file coords.cif (mmCIF, C-alpha atoms and all ligand atoms)
data_final
#
loop_
_atom_site.label_atom_id
_atom_site.label_comp_id
_atom_site.auth_asym_id
_atom_site.auth_seq_id
_atom_site.Cartn_x
_atom_site.Cartn_y
_atom_site.Cartn_z
CA MET A 1 8.50 -6.51 12.23
CA LEU A 2 4.74 -6.80 11.81
CA GLU A 3 3.44 -10.31 12.17
CA ALA A 4 -0.12 -11.39 11.45
CA LYS A 5 -1.18 -14.93 12.28
CA ASN A 6 -4.33 -16.53 11.02
CA ILE A 7 -6.39 -13.33 10.90
CA GLN A 8 -10.03 -13.44 9.92
CA TYR A 9 -12.45 -10.65 9.18
CA LEU A 10 -16.10 -11.30 8.41
CA VAL A 11 -18.81 -9.08 6.91
CA GLN A 12 -22.34 -10.41 7.37
CA GLY A 13 -20.92 -13.85 8.07
CA ARG A 14 -18.80 -13.83 4.89
CA PRO A 15 -15.01 -14.14 5.36
CA ILE A 16 -13.53 -11.11 3.58
CA VAL A 17 -10.09 -11.82 5.04
CA ASN A 18 -9.73 -15.53 5.51
CA LYS A 19 -7.05 -17.01 7.78
CA VAL A 20 -4.29 -14.75 6.54
CA SER A 21 -0.77 -14.99 7.95
CA LEU A 22 2.02 -12.67 6.85
CA GLN A 23 5.04 -10.69 7.93
CA LEU A 24 6.08 -7.16 7.02
CA ILE A 25 9.81 -6.85 7.36
CA PRO A 26 11.64 -3.56 7.94
CA GLY A 27 13.53 -2.54 4.82
CA HIS A 28 11.19 -4.48 2.53
CA LEU A 29 8.49 -3.28 0.18
CA THR A 30 5.61 -5.72 0.07
CA ALA A 31 3.09 -5.36 -2.76
CA VAL A 32 -0.41 -6.75 -2.30
CA ILE A 33 -2.05 -7.58 -5.59
CA GLY A 34 -5.25 -9.29 -6.60
CA PRO A 35 -8.53 -8.66 -8.42
CA ASN A 36 -11.24 -6.19 -7.38
CA GLY A 37 -13.00 -7.41 -4.27
CA ALA A 38 -10.19 -9.82 -3.32
CA GLY A 39 -10.01 -8.23 0.15
CA LYS A 40 -6.85 -6.12 -0.22
CA SER A 41 -8.19 -2.93 1.41
CA SER A 42 -9.98 -4.94 4.11
CA LEU A 43 -6.73 -6.76 4.90
CA LEU A 44 -4.91 -3.44 5.15
CA LYS A 45 -7.60 -2.05 7.47
CA VAL A 46 -7.31 -5.09 9.73
CA LEU A 47 -3.51 -4.83 9.81
CA VAL A 48 -3.54 -1.14 10.75
CA GLY A 49 -6.16 -1.62 13.44
CA ASP A 50 -9.16 0.07 11.75
CA TYR A 51 -11.08 -3.22 11.56
CA LYS A 52 -11.11 -5.63 14.46
CA PRO A 53 -10.48 -9.20 13.30
CA LEU A 54 -12.67 -12.03 14.52
CA GLY A 55 -9.69 -14.25 15.13
CA GLY A 56 -5.93 -14.34 14.89
CA GLU A 57 -3.17 -12.12 16.19
CA ILE A 58 -1.34 -9.02 14.94
CA THR A 59 1.87 -7.83 16.56
CA TYR A 60 3.93 -4.73 15.81
CA ASN A 61 7.54 -5.16 16.90
CA GLY A 62 6.52 -8.11 19.05
CA LYS A 63 3.69 -6.31 20.86
CA PRO A 64 0.00 -7.10 20.17
CA ILE A 65 -1.71 -4.26 18.31
CA GLN A 66 -4.52 -3.98 20.88
CA THR A 67 -2.00 -3.09 23.60
CA TYR A 68 -0.88 0.10 21.79
CA ARG A 69 -2.52 3.43 22.61
CA PRO A 70 -3.67 5.25 19.42
CA LYS A 71 -0.94 7.93 19.66
CA GLU A 72 1.72 5.27 20.30
CA LEU A 73 0.59 3.37 17.21
CA ALA A 74 0.50 6.58 15.13
CA LYS A 75 4.20 7.04 15.93
CA ILE A 76 5.19 3.77 14.30
CA ARG A 77 2.67 3.30 11.50
CA ALA A 78 1.23 5.60 8.87
CA VAL A 79 -1.67 4.83 6.57
CA MET A 80 -2.66 6.31 3.23
CA PRO A 81 -6.22 5.14 2.54
CA GLN A 82 -7.69 4.65 -0.93
CA HIS A 83 -9.94 7.71 -0.57
CA SER A 84 -9.38 10.73 1.64
CA GLN A 85 -12.24 13.17 2.08
CA LEU A 86 -11.49 16.74 3.07
CA THR A 87 -14.31 19.22 3.26
CA PHE A 88 -12.54 22.12 5.05
CA PRO A 89 -10.79 24.72 2.86
CA PHE A 90 -7.26 23.66 3.80
CA LYS A 91 -4.20 24.69 1.86
CA ALA A 92 -1.99 21.84 0.58
CA LYS A 93 0.67 22.52 3.23
CA GLU A 94 -1.92 22.53 6.01
CA VAL A 95 -3.09 19.09 4.88
CA VAL A 96 0.49 17.81 5.16
CA GLU A 97 0.80 19.39 8.62
CA LEU A 98 -2.17 17.26 9.75
CA GLY A 99 0.14 14.23 9.55
CA LEU A 100 2.35 15.67 12.28
CA LEU A 101 -0.59 16.83 14.39
CA SER A 102 -1.71 13.21 14.72
CA LEU A 103 1.64 12.62 16.47
CA GLY A 104 1.25 15.60 18.75
CA PHE A 105 3.97 17.58 16.91
CA SER A 106 3.44 20.78 15.05
CA GLN A 107 5.59 23.32 13.21
CA GLN A 108 8.18 20.81 12.08
CA GLU A 109 8.90 23.07 9.11
CA LEU A 110 12.00 21.24 7.96
CA ILE A 111 10.32 17.83 7.74
CA ILE A 112 7.28 19.27 5.99
CA LYS A 113 9.41 21.09 3.45
CA GLU A 114 11.64 18.06 2.82
CA VAL A 115 8.68 15.74 2.29
CA MET A 116 6.81 18.23 0.11
CA ILE A 117 9.87 18.72 -2.09
CA GLU A 118 10.31 14.94 -2.33
CA THR A 119 6.67 14.45 -3.38
CA GLN A 120 6.80 17.48 -5.70
CA THR A 121 4.00 19.24 -3.83
CA TRP A 122 6.00 22.17 -2.41
CA GLY A 123 5.30 24.22 -5.53
CA PHE A 124 1.59 24.37 -4.74
CA ARG A 125 1.82 24.44 -0.92
CA ASP A 126 -0.37 27.55 -0.66
CA ARG A 127 -3.07 26.36 -3.06
CA LEU A 128 -6.40 25.20 -1.68
CA TYR A 129 -6.47 21.40 -1.53
CA THR A 130 -9.90 21.35 -3.18
CA SER A 131 -8.52 23.25 -6.17
CA LEU A 132 -5.88 20.59 -6.91
CA SER A 133 -6.16 17.90 -9.57
CA GLY A 134 -6.77 14.26 -8.55
CA GLY A 135 -3.08 13.36 -8.97
CA GLU A 136 -1.89 16.46 -7.10
CA ARG A 137 -4.26 15.67 -4.21
CA GLN A 138 -2.96 12.11 -4.10
CA ARG A 139 0.62 13.38 -3.78
CA VAL A 140 -0.42 15.77 -0.99
CA GLN A 141 -2.06 12.84 0.83
CA LEU A 142 1.13 10.85 0.38
CA ALA A 143 3.13 13.74 1.85
CA ARG A 144 0.71 13.85 4.80
CA VAL A 145 1.44 10.22 5.70
CA LEU A 146 5.15 10.40 4.89
CA VAL A 147 5.79 13.09 7.50
CA GLN A 148 4.62 10.58 10.11
CA VAL A 149 7.40 8.11 9.35
CA TRP A 150 10.06 10.53 8.08
CA ILE A 151 11.89 10.98 11.40
CA GLY A 152 14.04 8.03 12.43
CA SER A 153 13.29 6.15 15.64
CA GLU A 154 14.67 3.22 17.58
CA GLN A 155 11.64 1.10 16.71
CA PRO A 156 10.97 -0.04 13.13
CA LYS A 157 8.13 1.88 11.44
CA PHE A 158 5.45 0.76 8.99
CA LEU A 159 3.91 2.52 6.04
CA PHE A 160 0.67 1.31 4.45
CA LEU A 161 -0.36 2.62 1.04
CA ASP A 162 -3.72 1.71 -0.50
CA GLU A 163 -3.41 2.21 -4.27
CA PRO A 164 -1.04 5.19 -3.90
CA THR A 165 -0.55 5.53 -7.65
CA SER A 166 -4.14 5.17 -8.87
CA SER A 167 -4.51 8.81 -10.03
CA LEU A 168 -0.93 9.42 -11.08
CA ASP A 169 0.74 9.78 -14.46
CA ILE A 170 3.55 7.36 -15.27
CA THR A 171 6.31 9.72 -14.07
CA HIS A 172 4.66 10.29 -10.72
CA GLN A 173 3.83 6.58 -10.32
CA HIS A 174 7.55 5.87 -10.55
CA GLN A 175 8.33 8.77 -8.27
CA VAL A 176 6.00 7.46 -5.53
CA LEU A 177 7.42 3.95 -5.69
CA HIS A 178 10.93 5.35 -5.78
CA ILE A 179 10.18 7.29 -2.58
CA ALA A 180 8.77 4.08 -1.06
CA SER A 181 12.04 2.34 -2.01
CA LYS A 182 14.07 5.10 -0.40
CA LEU A 183 12.07 4.66 2.81
CA LYS A 184 13.19 1.04 2.88
CA GLN A 185 16.72 2.34 3.40
CA LYS A 186 15.48 4.06 6.56
CA GLY A 187 14.42 0.64 7.85
CA ILE A 188 10.71 1.19 7.24
CA ALA A 189 8.49 -1.72 6.25
CA VAL A 190 6.26 -0.64 3.37
CA MET A 191 3.08 -2.41 2.26
CA ALA A 192 1.46 -1.10 -0.91
CA ILE A 193 -1.71 -2.26 -2.62
CA LEU A 194 -1.04 -1.96 -6.33
CA HIS A 195 -3.09 -2.70 -9.44
CA ASP A 196 -0.23 -2.11 -11.86
CA LEU A 197 1.56 -5.45 -12.04
CA ASN A 198 4.61 -3.96 -13.77
CA MET A 199 5.04 -1.42 -10.99
CA ALA A 200 4.78 -4.21 -8.42
CA ALA A 201 7.33 -6.30 -10.33
CA ALA A 202 9.72 -3.38 -10.67
CA TYR A 203 9.67 -2.20 -7.05
CA ALA A 204 8.48 -4.93 -4.67
CA ASP A 205 10.78 -7.27 -2.77
CA HIS A 206 7.91 -9.40 -1.67
CA VAL A 207 4.48 -9.98 -3.20
CA ILE A 208 1.22 -11.17 -1.64
CA LEU A 209 -1.27 -12.49 -4.14
CA LEU A 210 -4.79 -12.34 -2.77
CA LYS A 211 -7.91 -14.03 -4.12
CA GLU A 212 -11.31 -14.24 -2.40
CA GLY A 213 -9.89 -13.16 0.93
CA LYS A 214 -7.14 -15.77 1.00
CA ILE A 215 -3.46 -15.60 0.24
CA TYR A 216 -3.03 -17.66 -2.88
CA HIS A 217 0.74 -17.18 -2.94
CA GLN A 218 3.31 -15.02 -1.18
CA GLY A 219 7.07 -14.74 -1.35
CA SER A 220 9.78 -13.15 -3.44
CA THR A 221 8.55 -11.13 -6.42
CA GLU A 222 10.30 -13.53 -8.79
CA LYS A 223 8.54 -16.58 -7.38
CA VAL A 224 5.08 -15.11 -7.03
CA MET A 225 4.77 -13.16 -10.28
CA SER A 226 4.72 -16.05 -12.67
CA SER A 227 2.32 -16.19 -15.57
CA GLN A 228 0.68 -19.26 -14.05
CA HIS A 229 -0.05 -17.60 -10.69
CA LEU A 230 -1.23 -14.33 -12.20
CA GLU A 231 -3.50 -16.00 -14.77
CA TYR A 232 -5.12 -18.11 -12.07
CA VAL A 233 -5.76 -15.21 -9.72
CA PHE A 234 -6.93 -12.69 -12.33
CA GLU A 235 -8.65 -15.27 -14.56
CA HIS A 236 -7.13 -13.60 -17.58
CA PRO A 237 -4.27 -14.45 -19.97
CA ILE A 238 -1.07 -12.79 -18.77
CA ILE A 239 2.44 -13.10 -20.18
CA VAL A 240 5.48 -12.59 -17.99
CA ARG A 241 8.65 -11.78 -19.93
CA ASN A 242 12.20 -11.35 -18.74
CA GLY A 243 12.78 -7.64 -18.43
CA TYR A 244 15.73 -5.39 -19.13
CA GLU A 245 18.66 -4.92 -16.83
CA GLY A 246 17.42 -3.71 -13.46
CA ILE A 247 13.79 -4.50 -14.32
CA PRO A 248 13.14 -8.17 -13.63
CA TYR A 249 9.98 -8.62 -15.67
CA THR A 250 7.49 -7.04 -17.95
CA ILE A 251 3.95 -8.24 -17.61
CA GLN A 252 1.51 -8.08 -20.45
CA SER A 253 -2.19 -8.77 -20.28
CA LEU A 254 -3.93 -9.77 -23.47
CA PRO A 255 -7.09 -8.46 -25.12
CA ILE A 256 -10.30 -10.36 -24.36
CA GLN A 257 -10.66 -11.66 -27.94
CA GLN A 258 -7.37 -13.54 -27.56
CA LYS A 259 -8.43 -15.16 -24.31
CA ASN A 260 -8.77 -18.66 -25.72
CA GLN A 261 -5.23 -18.84 -27.03
CA THR A 262 -2.63 -20.62 -24.92
CA TYR A 263 0.26 -18.55 -23.63
CA LYS A 264 3.39 -19.59 -21.85
CA THR A 265 5.85 -17.79 -19.62
CA VAL A 266 8.84 -16.76 -21.72
N1 LIG B 1 -18.86 -2.94 4.80
C1 LIG B 1 -19.02 -3.88 3.87
N2 LIG B 1 -20.24 -4.45 3.65
C2 LIG B 1 -20.40 -5.42 2.72
N3 LIG B 1 -19.41 -5.90 1.96
C3 LIG B 1 -18.18 -5.37 2.14
C4 LIG B 1 -17.91 -4.34 3.09
N4 LIG B 1 -16.61 -4.04 3.05
C5 LIG B 1 -16.07 -4.83 2.08
N5 LIG B 1 -17.02 -5.61 1.54
C6 LIG B 1 -16.82 -6.61 0.48
O1 LIG B 1 -15.64 -7.30 0.79
C7 LIG B 1 -14.94 -7.64 -0.40
C8 LIG B 1 -13.51 -7.14 -0.29
O2 LIG B 1 -13.51 -5.72 -0.37
P1 LIG B 1 -12.16 -4.89 -0.44
O3 LIG B 1 -12.51 -3.46 -0.56
O4 LIG B 1 -11.30 -5.30 0.69
O5 LIG B 1 -11.53 -5.45 -1.80
P2 LIG B 1 -10.27 -4.94 -2.64
O6 LIG B 1 -9.47 -6.15 -2.98
O7 LIG B 1 -9.57 -3.86 -1.92
O8 LIG B 1 -10.99 -4.39 -3.94
P3 LIG B 1 -10.61 -3.24 -5.01
O9 LIG B 1 -9.44 -3.74 -5.81
O10 LIG B 1 -11.85 -3.16 -5.84
O11 LIG B 1 -10.32 -1.96 -4.26
C9 LIG B 1 -15.73 -7.04 -1.55
O12 LIG B 1 -16.55 -8.06 -2.10
C10 LIG B 1 -16.57 -5.97 -0.88
O13 LIG B 1 -17.76 -5.74 -1.59
#

call {"tool": "encode", "arguments": {"input": "coords.cif", "output": "structure tokens"}}
result
Amino acid sequence: MLEAKNIQYLVQGRPIVNKVSLQLIPGHLTAVIGPNGAGKSSLLKVLVGDYKPLGGEITYNGKPIQTYRPKELAKIRAVMPQHSQLTFPFKAKEVVELGLLSLGFSQQELIIKEVMIETQTWGFRDRLYTSLSGGERQRVQLARVLVQVWIGSEQPKFLFLDEPTSSLDITHQHQVLHIASKLKQKGIAVMAILHDLNMAAAYADHVILLKEGKIYHQGSTEKVMSSQHLEYVFEHPIIVRNGYEGIPYTIQSLPIQQKNQTYKTV
């Protein structure tokens, strides 16, 4: 399990992550949602060890993050950042192989092939990464981080995804979150920053609602994703309806001109 207690991260004296406590549980998908600038990416960077918090404590499987060596940490947690820059003329498959290099492994052909088939990137494995579309690049980046956590281990592993579906069409958005759900069955704890509330409602077990660096609400998807909570955090009228079988809710935001009307959860 990952446990964060009372973590704080300041930029120029301003708390960007403000006394946040949370747990990431193996086998659970946790969605982090909240408006632009709420501190979602900063929180993720603190949790993975890229940003050093001013206060608080983060433990991975009971051990403080600062006591892990970088390679040790890379073996149990993988991170897909919001933007990945690549200036070298790598082929798609070579980009995916970079994920294993960070672990000190190479030539794990079977894992690479399996993950690239799963992410539907195998078909363009020999294409130059820079020649791929935005969505194709995003899937290659996903494959790069998935190879890190693909192999089972005794210790629980953690996967962090910062807006993994932002460039994807609807089919591939579902595919990515379906893959994330499958990883849960391998005992991996997944944390994904998502802007699509319906995707979060459909796939998350647990939701963290962030506003101005603080957790406004966290808990089961059903409890957190109420119209009242979402409207408060996003400052916008939002209707939450009961969904169809297997899909708990559908969430609808309303056009600006209807903002002054009163809406209730139905
Ligand atoms: N290095 C920095 N210098 C100044 N301000 C920063 C820095 N990093 C983050 N911030 C500010 O911290 C706040 C939180 O940023 P962060 O990127 O974590 O938000 P976010 O919730 O991920 O936003 P988005 O949904 O737009 O990606 C923002 O107001 C941002 O401008």

call {"tool": "residues_around", "arguments": {"input": "coords.cif", "residues": "range 110-118 of chain A", "least_positions_apart": "6", "cutoff": "10 Å", "atoms": "all atoms listed in the file", "output": "PyMOL selection string"}}
result
chain A and resi 92-94+96-97+99-100+124-125+139-140+142-148+150-151+175-176+179

call {"tool": "write_last_selection", "arguments": {"input": "coords.cif", "atoms": "C-alpha atoms", "output": "compact mmCIF listing (two decimals), keeping the file's coordinate frame"}}
result
# COMPACT_ATOMS: atom_id res chain seq x y z
CA ALA A 92 -1.99 21.84 0.58
CA LYS A 93 0.67 22.52 3.23
CA GLU A 94 -1.92 22.53 6.01
CA VAL A 96 0.49 17.81 5.16
CA GLU A 97 0.80 19.39 8.62
CA GLY A 99 0.14 14.23 9.55
CA LEU A 100 2.35 15.67 12.28
CA PHE A 124 1.59 24.37 -4.74
CA ARG A 125 1.82 24.44 -0.92
CA ARG A 139 0.62 13.38 -3.78
CA VAL A 140 -0.42 15.77 -0.99
CA LEU A 142 1.13 10.85 0.38
CA ALA A 143 3.13 13.74 1.85
CA ARG A 144 0.71 13.85 4.80
CA VAL A 145 1.44 10.22 5.70
CA LEU A 146 5.15 10.40 4.89
CA VAL A 147 5.79 13.09 7.50
CA GLN A 148 4.62 10.58 10.11
CA TRP A 150 10.06 10.53 8.08
CA ILE A 151 11.89 10.98 11.40
CA GLN A 175 8.33 8.77 -8.27
CA VAL A 176 6.00 7.46 -5.53
CA ILE A 179 10.18 7.29 -2.58

call {"tool": "closest_residue", "arguments": {"input": "coords.cif", "among": "A:Val48, A:Ala38, A:Leu2, A:Ala192", "to": "ligand LIG 1 (chain B)", "atoms": "only C-alpha atoms and all ligand atoms"}}
result
A:Ala38

call {"tool": "residues_near_ligand", "arguments": {"input": "coords.cif", "ligand": "ligand LIG 1 (chain B)", "cutoff": "6 Å", "atoms": "all atoms listed in the file", "output": "mmCIF file with C-alpha atoms, in the frame of the given file"}}
result
data_model
loop_
_atom_site.group_PDB
_atom_site.id
_atom_site.type_symbol
_atom_site.label_atom_id
_atom_site.label_comp_id
_atom_site.auth_asym_id
_atom_site.auth_seq_id
_atom_site.Cartn_x
_atom_site.Cartn_y
_atom_site.Cartn_z
ATOM 1 C CA VAL A 11 -18.810 -9.080 6.910
ATOM 2 C CA ILE A 16 -13.530 -11.110 3.580
ATOM 3 C CA PRO A 35 -8.530 -8.660 -8.420
ATOM 4 C CA ASN A 36 -11.240 -6.190 -7.380
ATOM 5 C CA GLY A 37 -13.000 -7.410 -4.270
ATOM 6 C CA ALA A 38 -10.190 -9.820 -3.320
ATOM 7 C CA GLY A 39 -10.010 -8.230 0.150
ATOM 8 C CA LYS A 40 -6.850 -6.120 -0.220
ATOM 9 C CA SER A 41 -8.190 -2.930 1.410
ATOM 10 C CA SER A 42 -9.980 -4.940 4.110
#

call {"tool": "closest_residue", "arguments": {"input": "coords.cif", "among": "A:Ile33, A:Ile65, A:His178, A:Glu3", "to": "Leu197 in chain A", "atoms": "all atoms listed in the file"}}
result
A:Ile33

call {"tool": "closest_residue", "arguments": {"input": "coords.cif", "among": "A:Leu24, A:Pro70, A:Ser84, A:Ala4", "to": "Gly56 in chain A", "atoms": "all atoms listed in the file"}}
result
A:Ala4

call {"tool": "atom_distance", "arguments": {"input": "coords.cif", "atom1": "CA of Ile25 in chain A", "atom2": "CA of Met191 in chain A"}}
result
9.5 Å

call {"tool": "residues_around", "arguments": {"input": "coords.cif", "residues": "Phe158 in chain A", "least_positions_apart": "3", "cutoff": "10 Å", "atoms": "all atoms listed in the file", "output": "ChimeraX atom specification"}}
result
/A:1-2,24-27,48,60,73-79,148-149,155,183-184,187-191

call {"tool": "closest_residue", "arguments": {"input": "coords.cif", "among": "A:Phe88, A:Phe234, A:Tyr51, A:Tyr249", "to": "Leu128 in chain A", "atoms": "only C-alpha atoms"}}
result
A:Phe88

call {"tool": "residues_around", "arguments": {"input": "coords.cif", "residues": "Tyr203 in chain A", "least_positions_apart": "2", "cutoff": "8 Å", "atoms": "all atoms listed in the file", "output": "list in words"}}
result
Leu29, Leu177, His178, Ser181, Met199, Ala200, Ala201 and Asp205 of chain A

call {"tool": "residues_around", "arguments": {"input": "coords.cif", "residues": "Phe90 in chain A", "least_positions_apart": "4", "cutoff": "9 Å", "atoms": "only C-alpha atoms", "output": "JSON, numbers by chain"}}
result
{"A": [86, 94, 95, 127, 128, 129, 130]}

call {"tool": "atom_distance", "arguments": {"input": "coords.cif", "atom1": "CA of Gly55 in chain A", "atom2": "CA of Gln12 in chain A"}}
result
15.3 Å

call {"tool": "atom_distance", "arguments": {"input": "coords.cif", "atom1": "CA of Ser227 in chain A", "atom2": "CA of Ala31 in chain A"}}
result
16.8 Å

call {"tool": "closest_residue", "arguments": {"input": "coords.cif", "among": "A:Asn242, A:Thr87, A:His236, A:Tyr216", "to": "Pro255 in chain A", "atoms": "only C-alpha atoms"}}
result
A:His236

call {"tool": "build_atoms", "arguments": {"input": "coords.cif", "residues": "range 73-97 of chain A", "atoms": "N, CA and C atoms", "output": "compact mmCIF listing (two decimals), in the coordinates of the input"}}
result
# COMPACT_ATOMS: atom_id res chain seq x y z
N LEU A 73 0.64 4.08 18.50
CA LEU A 73 0.59 3.37 17.21
C LEU A 73 0.85 4.35 16.06
N ALA A 74 0.30 5.58 16.18
CA ALA A 74 0.50 6.58 15.13
C ALA A 74 1.98 6.94 14.96
N LYS A 75 2.77 6.71 16.01
CA LYS A 75 4.20 7.04 15.93
C LYS A 75 4.99 6.00 15.15
N ILE A 76 4.43 4.80 15.03
CA ILE A 76 5.19 3.77 14.30
C ILE A 76 4.51 3.32 13.00
N ARG A 77 3.26 3.71 12.78
CA ARG A 77 2.67 3.30 11.50
C ARG A 77 1.81 4.42 10.90
N ALA A 78 1.98 4.57 9.59
CA ALA A 78 1.23 5.60 8.87
C ALA A 78 0.43 4.93 7.77
N VAL A 79 -0.75 5.48 7.51
CA VAL A 79 -1.67 4.83 6.57
C VAL A 79 -2.19 5.83 5.55
N MET A 80 -2.03 5.49 4.28
CA MET A 80 -2.66 6.31 3.23
C MET A 80 -3.84 5.51 2.67
N PRO A 81 -5.08 5.91 3.01
CA PRO A 81 -6.22 5.14 2.54
C PRO A 81 -6.48 5.38 1.05
N GLN A 82 -7.37 4.57 0.50
CA GLN A 82 -7.69 4.65 -0.93
C GLN A 82 -8.35 6.00 -1.24
N HIS A 83 -9.25 6.44 -0.36
CA HIS A 83 -9.94 7.71 -0.57
C HIS A 83 -9.80 8.55 0.68
N SER A 84 -9.47 9.82 0.50
CA SER A 84 -9.38 10.73 1.64
C SER A 84 -10.30 11.90 1.37
N GLN A 85 -11.29 12.06 2.23
CA GLN A 85 -12.24 13.17 2.08
C GLN A 85 -11.76 14.36 2.89
N LEU A 86 -11.81 15.52 2.31
CA LEU A 86 -11.49 16.74 3.07
C LEU A 86 -12.49 17.81 2.67
N THR A 87 -13.28 18.25 3.62
CA THR A 87 -14.31 19.22 3.26
C THR A 87 -13.91 20.65 3.67
N PHE A 88 -12.95 20.77 4.62
CA PHE A 88 -12.54 22.12 5.05
C PHE A 88 -11.63 22.74 3.99
N PRO A 89 -11.63 24.07 3.89
CA PRO A 89 -10.79 24.72 2.86
C PRO A 89 -9.32 24.82 3.29
N PHE A 90 -8.66 23.67 3.42
CA PHE A 90 -7.26 23.66 3.80
C PHE A 90 -6.36 23.94 2.61
N LYS A 91 -5.23 24.57 2.89
CA LYS A 91 -4.20 24.69 1.86
C LYS A 91 -3.42 23.37 1.83
N ALA A 92 -2.72 23.12 0.71
CA ALA A 92 -1.99 21.84 0.58
C ALA A 92 -1.04 21.63 1.76
N LYS A 93 -0.31 22.67 2.14
CA LYS A 93 0.67 22.52 3.23
C LYS A 93 -0.02 22.21 4.56
N GLU A 94 -1.19 22.79 4.76
CA GLU A 94 -1.92 22.53 6.01
C GLU A 94 -2.37 21.07 6.08
N VAL A 95 -2.70 20.51 4.91
CA VAL A 95 -3.09 19.09 4.88
C VAL A 95 -1.89 18.23 5.31
N VAL A 96 -0.71 18.57 4.81
CA VAL A 96 0.49 17.81 5.16
C VAL A 96 0.78 17.95 6.67
N GLU A 97 0.56 19.14 7.19
CA GLU A 97 0.80 19.39 8.62
C GLU A 97 -0.10 18.50 9.50
